[in-house]
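Q: I'm passing along input07.pdb; it holds PDB, C-alpha atoms.
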```
ATOM      1  CA  MET A   1     -14.130 -65.111 -57.151
ATOM      2  CA  ILE A   2     -15.812 -66.591 -54.081
ATOM      3  CA  ILE A   3     -15.923 -70.063 -55.705
ATOM      4  CA  TYR A   4     -12.115 -70.306 -55.759
ATOM      5  CA  MET A   5     -11.591 -68.855 -52.310
ATOM      6  CA  ASN A   6     -11.926 -70.093 -48.751
ATOM      7  CA  TRP A   7     -12.428 -68.048 -45.607
ATOM      8  CA  ILE A   8      -8.752 -68.170 -44.641
ATOM      9  CA  ILE A   9      -7.583 -66.655 -47.947
ATOM     10  CA  ALA A  10     -10.327 -64.023 -47.788
ATOM     11  CA  SER A  11      -9.375 -63.209 -44.189
ATOM     12  CA  LEU A  12      -5.684 -62.898 -45.071
ATOM     13  CA  LEU A  13      -6.506 -60.509 -47.927
ATOM     14  CA  MET A  14      -8.636 -58.525 -45.476
ATOM     15  CA  PHE A  15      -5.734 -58.648 -42.966
ATOM     16  CA  ILE A  16      -3.260 -57.178 -45.480
ATOM     17  CA  SER A  17      -5.782 -54.581 -46.641
ATOM     18  CA  SER A  18      -6.434 -53.538 -43.044
ATOM     19  CA  VAL A  19      -2.738 -52.952 -42.368
ATOM     20  CA  ALA A  20      -2.313 -50.953 -45.584
ATOM     21  CA  LEU A  21      -5.484 -48.968 -44.849
ATOM     22  CA  TYR A  22      -4.439 -47.883 -41.379
ATOM     23  CA  LEU A  23      -0.891 -47.098 -42.449
ATOM     24  CA  CYS A  24      -2.430 -44.707 -44.968
ATOM     25  CA  VAL A  25      -4.701 -43.260 -42.283
ATOM     26  CA  ARG A  26      -1.637 -42.771 -40.094
ATOM     27  CA  LYS A  27       0.111 -41.003 -42.982
ATOM     28  CA  SER A  28      -2.945 -38.857 -43.580
ATOM     29  CA  ASN A  29      -2.973 -37.834 -39.927
ATOM     30  CA  THR A  30       0.678 -36.757 -40.130
ATOM     31  CA  LEU A  31      -0.324 -34.579 -43.093
ATOM     32  CA  LYS A  32      -2.939 -32.927 -40.828
ATOM     33  CA  THR A  33      -5.838 -34.064 -42.983
ATOM     34  CA  PRO A  34      -9.178 -33.562 -41.182
ATOM     35  CA  GLN A  35     -10.543 -36.833 -39.760
ATOM     36  CA  GLN A  36     -13.837 -36.305 -41.582
ATOM     37  CA  LEU A  37     -12.031 -36.429 -44.936
ATOM     38  CA  ASN A  38     -10.331 -39.689 -43.941
ATOM     39  CA  ASN A  39     -13.749 -41.104 -43.067
ATOM     40  CA  LEU A  40     -15.233 -39.832 -46.309
ATOM     41  CA  ALA A  41     -12.493 -41.530 -48.305
ATOM     42  CA  MET A  42     -13.177 -44.813 -46.490
ATOM     43  CA  PHE A  43     -16.795 -44.849 -47.607
ATOM     44  CA  LEU A  44     -17.213 -42.721 -50.744
ATOM     45  CA  ILE A  45     -14.308 -44.119 -52.780
ATOM     46  CA  PRO A  46     -15.311 -47.765 -52.188
ATOM     47  CA  VAL A  47     -18.785 -46.968 -53.533
ATOM     48  CA  LEU A  48     -17.155 -45.621 -56.711
ATOM     49  CA  VAL A  49     -14.984 -48.753 -56.899
ATOM     50  CA  TYR A  50     -17.849 -51.189 -56.320
ATOM     51  CA  ILE A  51     -20.369 -49.720 -58.769
ATOM     52  CA  PRO A  52     -18.428 -50.769 -61.933
ATOM     53  CA  LEU A  53     -17.980 -54.248 -60.431
ATOM     54  CA  THR A  54     -21.753 -54.728 -60.265
ATOM     55  CA  VAL A  55     -21.798 -54.988 -64.065
ATOM     56  CA  ARG A  56     -19.777 -58.225 -63.971
ATOM     57  CA  THR A  57     -21.295 -59.767 -60.846
ATOM     58  CA  PRO A  58     -24.818 -60.973 -59.987
ATOM     59  CA  THR A  59     -25.811 -57.862 -58.053
ATOM     60  CA  SER A  60     -29.389 -56.815 -57.435
ATOM     61  CA  PHE A  61     -30.686 -53.772 -55.593
ATOM     62  CA  THR A  62     -34.213 -55.143 -55.448
ATOM     63  CA  LEU A  63     -34.473 -56.226 -51.821
ATOM     64  CA  LYS A  64     -37.194 -56.879 -49.271
ATOM     65  CA  PRO A  65     -38.377 -53.906 -47.152
ATOM     66  CA  PHE A  66     -36.835 -55.383 -43.991
ATOM     67  CA  GLU A  67     -33.487 -55.827 -45.758
ATOM     68  CA  TYR A  68     -33.503 -52.162 -46.830
ATOM     69  CA  LEU A  69     -34.341 -51.190 -43.257
ATOM     70  CA  LEU A  70     -31.534 -53.316 -41.810
ATOM     71  CA  ILE A  71     -29.006 -51.839 -44.249
ATOM     72  CA  LEU A  72     -30.180 -48.343 -43.259
ATOM     73  CA  VAL A  73     -29.701 -49.235 -39.580
ATOM     74  CA  GLN A  74     -26.255 -50.627 -40.405
ATOM     75  CA  GLY A  75     -25.171 -47.455 -42.149
ATOM     76  CA  ILE A  76     -26.443 -45.068 -39.464
ATOM     77  CA  PHE A  77     -26.001 -46.885 -36.163
ATOM     78  CA  PHE A  78     -23.475 -49.678 -36.603
ATOM     79  CA  SER A  79     -21.067 -48.150 -39.122
ATOM     80  CA  TYR A  80     -21.222 -44.355 -38.732
ATOM     81  CA  LEU A  81     -22.033 -44.133 -35.024
ATOM     82  CA  GLY A  82     -19.774 -47.103 -34.269
ATOM     83  CA  ASN A  83     -16.876 -45.126 -35.705
ATOM     84  CA  VAL A  84     -17.910 -41.932 -33.902
ATOM     85  CA  PHE A  85     -18.200 -43.803 -30.585
ATOM     86  CA  SER A  86     -14.770 -45.382 -31.108
ATOM     87  CA  LEU A  87     -13.107 -42.017 -31.714
ATOM     88  CA  LYS A  88     -14.872 -40.484 -28.695
ATOM     89  CA  GLY A  89     -13.890 -43.425 -26.492
ATOM     90  CA  ILE A  90     -10.248 -43.030 -27.488
ATOM     91  CA  GLU A  91     -10.388 -39.259 -26.978
ATOM     92  CA  TYR A  92     -11.880 -39.395 -23.465
ATOM     93  CA  SER A  93     -10.239 -42.527 -22.049
ATOM     94  CA  PRO A  94      -7.397 -42.326 -19.515
ATOM     95  CA  ASN A  95      -5.362 -44.414 -21.963
ATOM     96  CA  PRO A  96      -6.293 -44.847 -25.658
ATOM     97  CA  GLY A  97      -5.293 -48.511 -25.442
ATOM     98  CA  TYR A  98      -8.001 -49.236 -22.873
ATOM     99  CA  SER A  99     -10.719 -48.096 -25.242
ATOM    100  CA  LEU A 100      -9.207 -49.811 -28.276
ATOM    101  CA  ILE A 101      -8.767 -53.222 -26.684
ATOM    102  CA  ILE A 102     -12.296 -53.203 -25.225
ATOM    103  CA  SER A 103     -13.886 -52.197 -28.527
ATOM    104  CA  LYS A 104     -11.782 -54.732 -30.459
ATOM    105  CA  SER A 105     -12.959 -57.463 -28.083
ATOM    106  CA  TYR A 106     -16.234 -57.492 -30.022
ATOM    107  CA  VAL A 107     -14.689 -60.542 -31.679
ATOM    108  CA  VAL A 108     -15.629 -62.514 -28.555
ATOM    109  CA  PHE A 109     -19.194 -61.196 -28.696
ATOM    110  CA  THR A 110     -19.639 -62.150 -32.363
ATOM    111  CA  ALA A 111     -18.055 -65.589 -31.944
ATOM    112  CA  ILE A 112     -20.395 -66.512 -29.079
ATOM    113  CA  ALA A 113     -23.490 -64.838 -30.562
ATOM    114  CA  SER A 114     -22.979 -66.731 -33.841
ATOM    115  CA  ILE A 115     -23.450 -70.020 -31.998
ATOM    116  CA  PHE A 116     -26.983 -69.062 -30.993
ATOM    117  CA  ILE A 117     -27.992 -66.995 -34.029
ATOM    118  CA  PHE A 118     -26.464 -69.014 -36.874
ATOM    119  CA  SER A 119     -25.732 -72.375 -35.182
ATOM    120  CA  ALA A 120     -22.059 -71.710 -35.943
ATOM    121  CA  PRO A 121     -19.354 -74.021 -34.558
ATOM    122  CA  LEU A 122     -16.867 -72.850 -31.937
ATOM    123  CA  THR A 123     -14.251 -75.419 -30.963
ATOM    124  CA  MET A 124     -12.001 -75.266 -27.916
ATOM    125  CA  LYS A 125      -9.040 -74.674 -30.254
ATOM    126  CA  SER A 126     -10.800 -71.655 -31.756
ATOM    127  CA  VAL A 127     -11.665 -70.312 -28.304
ATOM    128  CA  ILE A 128      -8.007 -70.531 -27.238
ATOM    129  CA  ALA A 129      -6.897 -68.881 -30.510
ATOM    130  CA  ILE A 130      -9.336 -65.976 -30.094
ATOM    131  CA  ALA A 131      -8.313 -65.562 -26.438
ATOM    132  CA  LEU A 132      -4.633 -65.430 -27.416
ATOM    133  CA  ILE A 133      -5.326 -62.790 -30.078
ATOM    134  CA  VAL A 134      -7.352 -60.564 -27.738
ATOM    135  CA  LEU A 135      -5.072 -60.902 -24.698
ATOM    136  CA  PHE A 136      -1.795 -60.407 -26.544
ATOM    137  CA  SER A 137      -3.318 -57.529 -28.524
ATOM    138  CA  ALA A 138      -3.658 -55.788 -25.173
ATOM    139  CA  LEU A 139       0.132 -55.944 -24.761
ATOM    140  CA  ILE A 140       0.537 -54.223 -28.114
ATOM    141  CA  ILE A 141      -2.188 -51.617 -27.781
ATOM    142  CA  ILE A 142      -2.110 -50.582 -24.126
ATOM    143  CA  ASP A 143       0.824 -48.297 -23.487
ATOM    144  CA  LYS A 144       1.676 -45.463 -21.153
ATOM    145  CA  ASP A 145       0.409 -42.098 -22.327
ATOM    146  CA  LYS A 146       2.438 -39.499 -20.467
ATOM    147  CA  ASN A 147       0.728 -36.645 -22.288
ATOM    148  CA  ARG A 148      -2.715 -37.633 -21.030
ATOM    149  CA  THR A 149      -3.376 -36.365 -17.536
ATOM    150  CA  THR A 150      -7.178 -36.134 -17.552
ATOM    151  CA  SER A 151     -10.026 -38.323 -18.733
ATOM    152  CA  ASN A 152     -13.798 -38.281 -18.844
ATOM    153  CA  LYS A 153     -16.001 -41.031 -17.398
ATOM    154  CA  VAL A 154     -18.079 -41.143 -20.587
ATOM    155  CA  TRP A 155     -15.207 -42.970 -22.355
ATOM    156  CA  LEU A 156     -16.555 -46.370 -21.274
ATOM    157  CA  PRO A 157     -20.132 -45.870 -22.582
ATOM    158  CA  TYR A 158     -18.688 -44.585 -25.870
ATOM    159  CA  THR A 159     -16.337 -47.577 -26.028
ATOM    160  CA  MET A 160     -19.174 -50.021 -25.393
ATOM    161  CA  GLY A 161     -21.135 -48.265 -28.130
ATOM    162  CA  ALA A 162     -18.299 -49.032 -30.546
ATOM    163  CA  PHE A 163     -18.090 -52.604 -29.183
ATOM    164  CA  PHE A 164     -21.743 -53.353 -29.911
ATOM    165  CA  GLY A 165     -21.836 -51.243 -33.077
ATOM    166  CA  TRP A 166     -19.048 -53.218 -34.754
ATOM    167  CA  GLY A 167     -20.286 -56.507 -33.359
ATOM    168  CA  LEU A 168     -23.839 -55.958 -34.608
ATOM    169  CA  LEU A 169     -22.471 -54.802 -37.964
ATOM    170  CA  ALA A 170     -20.740 -58.164 -38.391
ATOM    171  CA  LEU A 171     -23.735 -60.194 -37.232
ATOM    172  CA  SER A 172     -26.257 -58.268 -39.342
ATOM    173  CA  SER A 173     -23.954 -58.580 -42.369
ATOM    174  CA  LYS A 174     -23.878 -62.351 -41.920
ATOM    175  CA  TYR A 175     -27.669 -62.376 -41.602
ATOM    176  CA  LEU A 176     -28.082 -60.469 -44.871
ATOM    177  CA  LEU A 177     -25.622 -62.798 -46.592
ATOM    178  CA  ASN A 178     -27.656 -65.770 -45.396
ATOM    179  CA  MET A 179     -30.771 -64.101 -46.779
ATOM    180  CA  GLY A 180     -29.106 -63.962 -50.198
ATOM    181  CA  VAL A 181     -28.349 -60.213 -50.292
ATOM    182  CA  PRO A 182     -25.325 -59.811 -52.625
ATOM    183  CA  ILE A 183     -22.148 -58.477 -51.029
ATOM    184  CA  LEU A 184     -21.805 -55.490 -53.344
ATOM    185  CA  SER A 185     -25.472 -54.545 -52.943
ATOM    186  CA  ARG A 186     -25.163 -54.362 -49.159
ATOM    187  CA  LEU A 187     -21.818 -52.582 -49.204
ATOM    188  CA  ILE A 188     -22.905 -49.947 -51.715
ATOM    189  CA  LEU A 189     -26.239 -49.165 -50.047
ATOM    190  CA  SER A 190     -24.783 -49.090 -46.525
ATOM    191  CA  MET A 191     -21.816 -46.955 -47.565
ATOM    192  CA  VAL A 192     -24.025 -44.487 -49.425
ATOM    193  CA  VAL A 193     -25.955 -43.942 -46.176
ATOM    194  CA  THR A 194     -22.715 -43.458 -44.214
ATOM    195  CA  THR A 195     -21.295 -41.145 -46.893
ATOM    196  CA  VAL A 196     -24.353 -38.883 -46.690
ATOM    197  CA  LEU A 197     -23.932 -38.649 -42.909
ATOM    198  CA  ILE A 198     -20.229 -37.799 -43.246
ATOM    199  CA  PHE A 199     -21.025 -35.103 -45.828
ATOM    200  CA  GLY A 200     -23.513 -33.671 -43.338
ATOM    201  CA  GLU A 201     -20.839 -33.648 -40.642
ATOM    202  CA  ILE A 202     -18.368 -31.917 -42.979
ATOM    203  CA  ILE A 203     -20.913 -29.207 -43.787
ATOM    204  CA  TYR A 204     -22.043 -28.817 -40.162
ATOM    205  CA  LYS A 205     -18.502 -28.539 -38.787
ATOM    206  CA  LYS A 206     -17.374 -26.431 -41.755
ATOM    207  CA  VAL A 207     -14.433 -28.732 -42.427
ATOM    208  CA  GLU A 208     -11.913 -27.149 -44.789
ATOM    209  CA  TRP A 209     -11.575 -29.372 -47.861
ATOM    210  CA  LYS A 210     -10.719 -26.962 -50.688
ATOM    211  CA  LYS A 211      -7.097 -26.615 -49.571
ATOM    212  CA  VAL A 212      -6.282 -30.338 -49.756
ATOM    213  CA  THR A 213      -2.720 -30.783 -51.031
ATOM    214  CA  LYS A 214      -1.579 -33.260 -53.678
ATOM    215  CA  ASN A 215       0.000 -35.530 -51.047
ATOM    216  CA  GLN A 216      -3.159 -35.441 -48.961
ATOM    217  CA  LEU A 217      -5.297 -36.278 -52.000
ATOM    218  CA  ILE A 218      -3.088 -39.222 -53.013
ATOM    219  CA  THR A 219      -3.199 -40.549 -49.448
ATOM    220  CA  LEU A 220      -6.992 -40.196 -49.349
ATOM    221  CA  LEU A 221      -7.272 -42.126 -52.631
ATOM    222  CA  LEU A 222      -5.124 -44.914 -51.183
ATOM    223  CA  ILE A 223      -7.307 -44.979 -48.069
ATOM    224  CA  GLY A 224     -10.328 -45.461 -50.315
ATOM    225  CA  ILE A 225      -8.705 -48.188 -52.419
ATOM    226  CA  PHE A 226      -7.480 -50.219 -49.449
ATOM    227  CA  GLY A 227     -10.782 -49.580 -47.685
ATOM    228  CA  SER A 228     -12.542 -51.080 -50.700
ATOM    229  CA  SER A 229     -10.557 -54.318 -50.570
ATOM    230  CA  PHE A 230     -10.726 -54.484 -46.761
ATOM    231  CA  ASN A 231     -14.519 -54.275 -46.634
ATOM    232  CA  TYR A 232     -15.066 -56.553 -49.616
ATOM    233  CA  PHE A 233     -12.841 -59.386 -48.397
ATOM    234  CA  MET A 234     -14.275 -59.059 -44.903
ATOM    235  CA  GLN A 235     -17.714 -59.746 -46.357
ATOM    236  CA  VAL A 236     -16.381 -62.661 -48.406
ATOM    237  CA  GLY A 237     -14.855 -64.014 -45.213
ATOM    238  CA  PHE A 238     -18.167 -63.621 -43.355
ATOM    239  CA  ASN A 239     -19.868 -65.501 -46.153
ATOM    240  CA  LEU A 240     -17.441 -68.438 -46.141
ATOM    241  CA  ALA A 241     -16.273 -68.716 -42.533
ATOM    242  CA  PRO A 242     -17.894 -71.265 -40.207
ATOM    243  CA  ASN A 243     -18.134 -68.492 -37.577
ATOM    244  CA  VAL A 244     -17.931 -64.738 -38.262
ATOM    245  CA  GLY A 245     -15.925 -64.417 -35.062
ATOM    246  CA  PHE A 246     -13.009 -66.095 -36.847
ATOM    247  CA  VAL A 247     -12.901 -63.304 -39.438
ATOM    248  CA  ASN A 248     -13.210 -60.654 -36.738
ATOM    249  CA  ALA A 249     -10.362 -62.304 -34.824
ATOM    250  CA  THR A 250      -8.183 -62.117 -37.944
ATOM    251  CA  ASN A 251      -9.072 -58.452 -38.285
ATOM    252  CA  ALA A 252      -8.119 -57.812 -34.651
ATOM    253  CA  ALA A 253      -4.847 -59.692 -35.199
ATOM    254  CA  SER A 254      -3.830 -57.224 -37.914
ATOM    255  CA  ILE A 255      -2.636 -54.953 -35.086
ATOM    256  CA  SER A 256       0.498 -57.144 -34.922
ATOM    257  CA  LEU A 257       1.690 -56.462 -38.471
ATOM    258  CA  LEU A 258       0.473 -52.861 -38.262
ATOM    259  CA  THR A 259       2.690 -52.331 -35.214
ATOM    260  CA  LEU A 260       5.739 -53.678 -37.058
ATOM    261  CA  MET A 261       5.028 -51.614 -40.168
ATOM    262  CA  SER A 262       4.436 -48.469 -38.092
ATOM    263  CA  ALA A 263       7.834 -48.969 -36.453
ATOM    264  CA  PHE A 264       9.405 -49.331 -39.901
ATOM    265  CA  PHE A 265       7.666 -46.441 -41.688
ATOM    266  CA  PHE A 266       6.983 -44.015 -38.841
ATOM    267  CA  LYS A 267       9.756 -44.976 -36.405
ATOM    268  CA  ASP A 268       7.256 -45.846 -33.678
ATOM    269  CA  GLU A 269       8.725 -47.388 -30.551
ATOM    270  CA  LEU A 270       8.883 -51.190 -30.676
ATOM    271  CA  THR A 271       9.304 -52.388 -27.094
ATOM    272  CA  VAL A 272       9.914 -55.883 -25.744
ATOM    273  CA  LYS A 273       6.326 -55.892 -24.445
ATOM    274  CA  LYS A 274       4.976 -55.150 -27.902
ATOM    275  CA  MET A 275       7.191 -57.840 -29.471
ATOM    276  CA  ILE A 276       5.836 -60.401 -27.000
ATOM    277  CA  GLY A 277       2.337 -59.234 -27.941
ATOM    278  CA  ILE A 278       3.101 -59.632 -31.649
ATOM    279  CA  PHE A 279       4.397 -63.182 -31.170
ATOM    280  CA  GLY A 280       1.365 -64.059 -29.046
ATOM    281  CA  VAL A 281      -1.104 -62.661 -31.594
ATOM    282  CA  THR A 282       0.698 -64.497 -34.410
ATOM    283  CA  ALA A 283       0.513 -67.748 -32.443
ATOM    284  CA  GLY A 284      -3.212 -67.224 -31.935
ATOM    285  CA  LEU A 285      -3.743 -66.510 -35.620
ATOM    286  CA  LEU A 286      -1.832 -69.635 -36.689
ATOM    287  CA  LEU A 287      -3.841 -71.713 -34.221
ATOM    288  CA  LEU A 288      -7.077 -70.253 -35.601
ATOM    289  CA  PHE A 289      -6.115 -71.037 -39.205
ATOM    290  CA  PHE A 290      -4.547 -74.451 -38.741
TER
END
```
Taking this structure as input, can you express it in the form of structure tokens?
A:
Amino acid sequence: MIIYMNWIIASLLMFISSVALYLCVRKSNTLKTPQQLNNLAMFLIPVLVYIPLTVRTPTSFTLKPFEYLLILVQGIFFSYLGNVFSLKGIEYSPNPGYSLIISKSYVVFTAIASIFIFSAPLTMKSVIAIALIVLFSALIIIDKDKNRTTSNKVWLPYTMGAFFGWGLLALSSKYLLNMGVPILSRLILSMVVTTVLIFGEIIYKKVEWKKVTKNQLITLLLIGIFGSSFNYFMQVGFNLAPNVGFVNATNAASISLLTLMSAFFFKDELTVKKMIGIFGVTAGLLLLFF
């Protein structure tokens, strides 16, 4: 599959998967599904999807000790805690958009870090494209929250935890790819670690899962399926892209289509400010690709 694909196609498939994934998460939230079950679906179902694929692909689970250790660190600190920090940052911030746009700006961190770590190229055109995506994403994400009257100062440390967690996840993934660790091997092992942690959280918090309705279950399955394609094509993009920051920028740009689809499916408000943001993000994405 990778032979007949370039990083732009992989990134676009990731882009579409991301939009579908978060639309399903939004639907799951409207059904009052516990967040832990959404998280579980994002990690457990992909493992079940990937395992049969290992039969037809050159996948090996025999890795070096340091590679096992790095995957363990990825699963615990970058993936699981990165997600926890993101949710906490959103919960405690004076405006959810502030936390989201800061954490999503990890694209800048990965683009610059890749120059020094992987000798990756970063042209002026790419810099402008990434800047357009990040800045215009702020117009889409940051909005007035009239219901939020209080905040907690810990929102910024939590947000920076998500920033570095996601950034280091991307950089460490690229490192493992360069070391020859197969995509499915890394995804399966890392997601198994994260799944175990989520199960522990479900047990510790006594999350009610036995009363899941049919609609909730179908939505959770869709979250898992789209999560599978999202994570897989992200890794393919990391493997093929000249700079992992380009793939991360595409991922951040998915907020534009997600905003349009949310307005269509969930009747979310689509203001002039958000439309300007969508056009700006689209311009940045086109500049990045072409």
Q: List as a list in words the protein and nucleic acid residues near segment 68-74 of chain A, meaning an atom at most 6 Å away when all atoms listed in the file are counted, but skip any in the same chain fewer than 4 places from it.
A: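 Near segment 68-74 of chain A, the qualifying residues are Phe78, Ser79 and Ser190 of chain A.
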Q: If we count only C-alpha atoms, what is near segment 107-122 of chain A at a cut-off of 10 Å, once residues fewer than 3 positions away on the same chain are taken out, given as a PyMOL selection string?
A: chain A and resi 103-104+125-127+130-131+133-134+163-164+166-171+174-175+178+241-252
Q: Please provide the set of residues having any atom within 12 Å of Gly180 of chain A, restricted to all atoms listed in the file, with same-chain residues fewer than 3 positions apart removed, written as a PyMOL selection string.
A: chain A and resi 58-64+67+173-177+183-186+239
Q: Residues near segment 29-37 of chain A, anyone? I mean within 12 Å using all atoms listed in the file, not counting same-chain ones fewer than 3 positions away, as a PyMOL selection string.
A: chain A and resi 22-26+40-45+80+83-84+87+194-221+223-224+266
Q: Please produce an output containing C-alpha atoms for each residue in the selection, written as a PDB file, keeping the file's coordinate frame.
A:
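Output file again.pdb is given in full below:
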```pdb
ATOM      1  CA  TYR A  22      -4.439 -47.883 -41.379  1.00  0.00           C
ATOM      2  CA  LEU A  23      -0.891 -47.098 -42.449  1.00  0.00           C
ATOM      3  CA  CYS A  24      -2.430 -44.707 -44.968  1.00  0.00           C
ATOM      4  CA  VAL A  25      -4.701 -43.260 -42.283  1.00  0.00           C
ATOM      5  CA  ARG A  26      -1.637 -42.771 -40.094  1.00  0.00           C
ATOM      6  CA  LEU A  40     -15.233 -39.832 -46.309  1.00  0.00           C
ATOM      7  CA  ALA A  41     -12.493 -41.530 -48.305  1.00  0.00           C
ATOM      8  CA  MET A  42     -13.177 -44.813 -46.490  1.00  0.00           C
ATOM      9  CA  PHE A  43     -16.795 -44.849 -47.607  1.00  0.00           C
ATOM     10  CA  LEU A  44     -17.213 -42.721 -50.744  1.00  0.00           C
ATOM     11  CA  ILE A  45     -14.308 -44.119 -52.780  1.00  0.00           C
ATOM     12  CA  TYR A  80     -21.222 -44.355 -38.732  1.00  0.00           C
ATOM     13  CA  ASN A  83     -16.876 -45.126 -35.705  1.00  0.00           C
ATOM     14  CA  VAL A  84     -17.910 -41.932 -33.902  1.00  0.00           C
ATOM     15  CA  LEU A  87     -13.107 -42.017 -31.714  1.00  0.00           C
ATOM     16  CA  THR A 194     -22.715 -43.458 -44.214  1.00  0.00           C
ATOM     17  CA  THR A 195     -21.295 -41.145 -46.893  1.00  0.00           C
ATOM     18  CA  VAL A 196     -24.353 -38.883 -46.690  1.00  0.00           C
ATOM     19  CA  LEU A 197     -23.932 -38.649 -42.909  1.00  0.00           C
ATOM     20  CA  ILE A 198     -20.229 -37.799 -43.246  1.00  0.00           C
ATOM     21  CA  PHE A 199     -21.025 -35.103 -45.828  1.00  0.00           C
ATOM     22  CA  GLY A 200     -23.513 -33.671 -43.338  1.00  0.00           C
ATOM     23  CA  GLU A 201     -20.839 -33.648 -40.642  1.00  0.00           C
ATOM     24  CA  ILE A 202     -18.368 -31.917 -42.979  1.00  0.00           C
ATOM     25  CA  ILE A 203     -20.913 -29.207 -43.787  1.00  0.00           C
ATOM     26  CA  TYR A 204     -22.043 -28.817 -40.162  1.00  0.00           C
ATOM     27  CA  LYS A 205     -18.502 -28.539 -38.787  1.00  0.00           C
ATOM     28  CA  LYS A 206     -17.374 -26.431 -41.755  1.00  0.00           C
ATOM     29  CA  VAL A 207     -14.433 -28.732 -42.427  1.00  0.00           C
ATOM     30  CA  GLU A 208     -11.913 -27.149 -44.789  1.00  0.00           C
ATOM     31  CA  TRP A 209     -11.575 -29.372 -47.861  1.00  0.00           C
ATOM     32  CA  LYS A 210     -10.719 -26.962 -50.688  1.00  0.00           C
ATOM     33  CA  LYS A 211      -7.097 -26.615 -49.571  1.00  0.00           C
ATOM     34  CA  VAL A 212      -6.282 -30.338 -49.756  1.00  0.00           C
ATOM     35  CA  THR A 213      -2.720 -30.783 -51.031  1.00  0.00           C
ATOM     36  CA  LYS A 214      -1.579 -33.260 -53.678  1.00  0.00           C
ATOM     37  CA  ASN A 215       0.000 -35.530 -51.047  1.00  0.00           C
ATOM     38  CA  GLN A 216      -3.159 -35.441 -48.961  1.00  0.00           C
ATOM     39  CA  LEU A 217      -5.297 -36.278 -52.000  1.00  0.00           C
ATOM     40  CA  ILE A 218      -3.088 -39.222 -53.013  1.00  0.00           C
ATOM     41  CA  THR A 219      -3.199 -40.549 -49.448  1.00  0.00           C
ATOM     42  CA  LEU A 220      -6.992 -40.196 -49.349  1.00  0.00           C
ATOM     43  CA  LEU A 221      -7.272 -42.126 -52.631  1.00  0.00           C
ATOM     44  CA  ILE A 223      -7.307 -44.979 -48.069  1.00  0.00           C
ATOM     45  CA  GLY A 224     -10.328 -45.461 -50.315  1.00  0.00           C
ATOM     46  CA  PHE A 266       6.983 -44.015 -38.841  1.00  0.00           C
TER      47      PHE A 266
END
```
Q: Which polymer residues have any atom within 8 Å of an atom of Ile276 of chain A, counting all atoms listed in the file, with same-chain residues fewer than 4 positions away left out, as a list in words?
A: Phe136, Leu139, Val272 and Gly280 of chain A
Q: Would you save the residues from that selection as a CSV table (one decimal), keeping the file's coordinate frame, using C-alpha atoms?
A:
```csv
chain,number,residue,atom,x,y,z
A,136,PHE,CA,-1.8,-60.4,-26.5
A,139,LEU,CA,0.1,-55.9,-24.8
A,272,VAL,CA,9.9,-55.9,-25.7
A,280,GLY,CA,1.4,-64.1,-29.0
```
Q: Find, counting all atoms listed in the file, the residue in A:Ile76, A:Leu81, A:Ile90, A:Val181 that gets nearest to Val154 of chain A.
A: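 Between A:Ile76, A:Leu81, A:Ile90, A:Val181, the residue approaching Val154 of chain A most closely is A:Ile90.
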Q: Of the candidates A:Tyr50, A:Phe279, A:Trp7, A:Trp155, which shows the shortest atom-to-atom distance to Leu100 of chain A, using all atoms listed in the file?
A: A:Trp155
Q: Pick out the closest residue to Phe265 of chain A from this set: A:Ile141, A:Leu12, A:Ala20, A:Val236. Count only C-alpha atoms.
A: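 Once distances to Phe265 of chain A are computed over only C-alpha atoms, the minimum belongs to A:Ala20.
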Q: So which residues get picked by the PyMOL selection byres ((chain A and resi 160) around 9) here, written as a list in words?
A: Phe85, Ser86, Gly89, Ser99, Ile102, Ser103, Trp155, Leu156, Pro157, Tyr158, Thr159, Gly161, Ala162, Phe163, Phe164 and Gly165 of chain A
Q: How would segment 8-13 of chain A look written as a short mmCIF file (atom, residue, chain, number, x, y, z; two decimals), in the first residue's frame with N, CA, C and O atoms?
A:
```cif
data_model
loop_
_atom_site.label_atom_id
_atom_site.label_comp_id
_atom_site.auth_asym_id
_atom_site.auth_seq_id
_atom_site.Cartn_x
_atom_site.Cartn_y
_atom_site.Cartn_z
N ILE A 8 1.00 13.11 0.57
CA ILE A 8 -0.18 13.95 0.43
C ILE A 8 -1.46 13.09 0.43
O ILE A 8 -2.44 13.42 1.12
N ILE A 9 -1.44 11.99 -0.30
CA ILE A 9 -2.61 11.09 -0.32
C ILE A 9 -2.84 10.50 1.06
O ILE A 9 -3.98 10.46 1.55
N ALA A 10 -1.76 10.06 1.71
CA ALA A 10 -1.89 9.51 3.06
C ALA A 10 -2.45 10.56 4.02
O ALA A 10 -3.33 10.25 4.85
N SER A 11 -1.97 11.79 3.90
CA SER A 11 -2.44 12.86 4.78
C SER A 11 -3.90 13.20 4.53
O SER A 11 -4.65 13.50 5.47
N LEU A 12 -4.33 13.16 3.27
CA LEU A 12 -5.73 13.44 2.96
C LEU A 12 -6.64 12.35 3.50
O LEU A 12 -7.74 12.64 4.01
N LEU A 13 -6.20 11.09 3.42
CA LEU A 13 -6.98 9.99 3.99
C LEU A 13 -7.06 10.12 5.51
O LEU A 13 -8.10 9.86 6.13
#
```
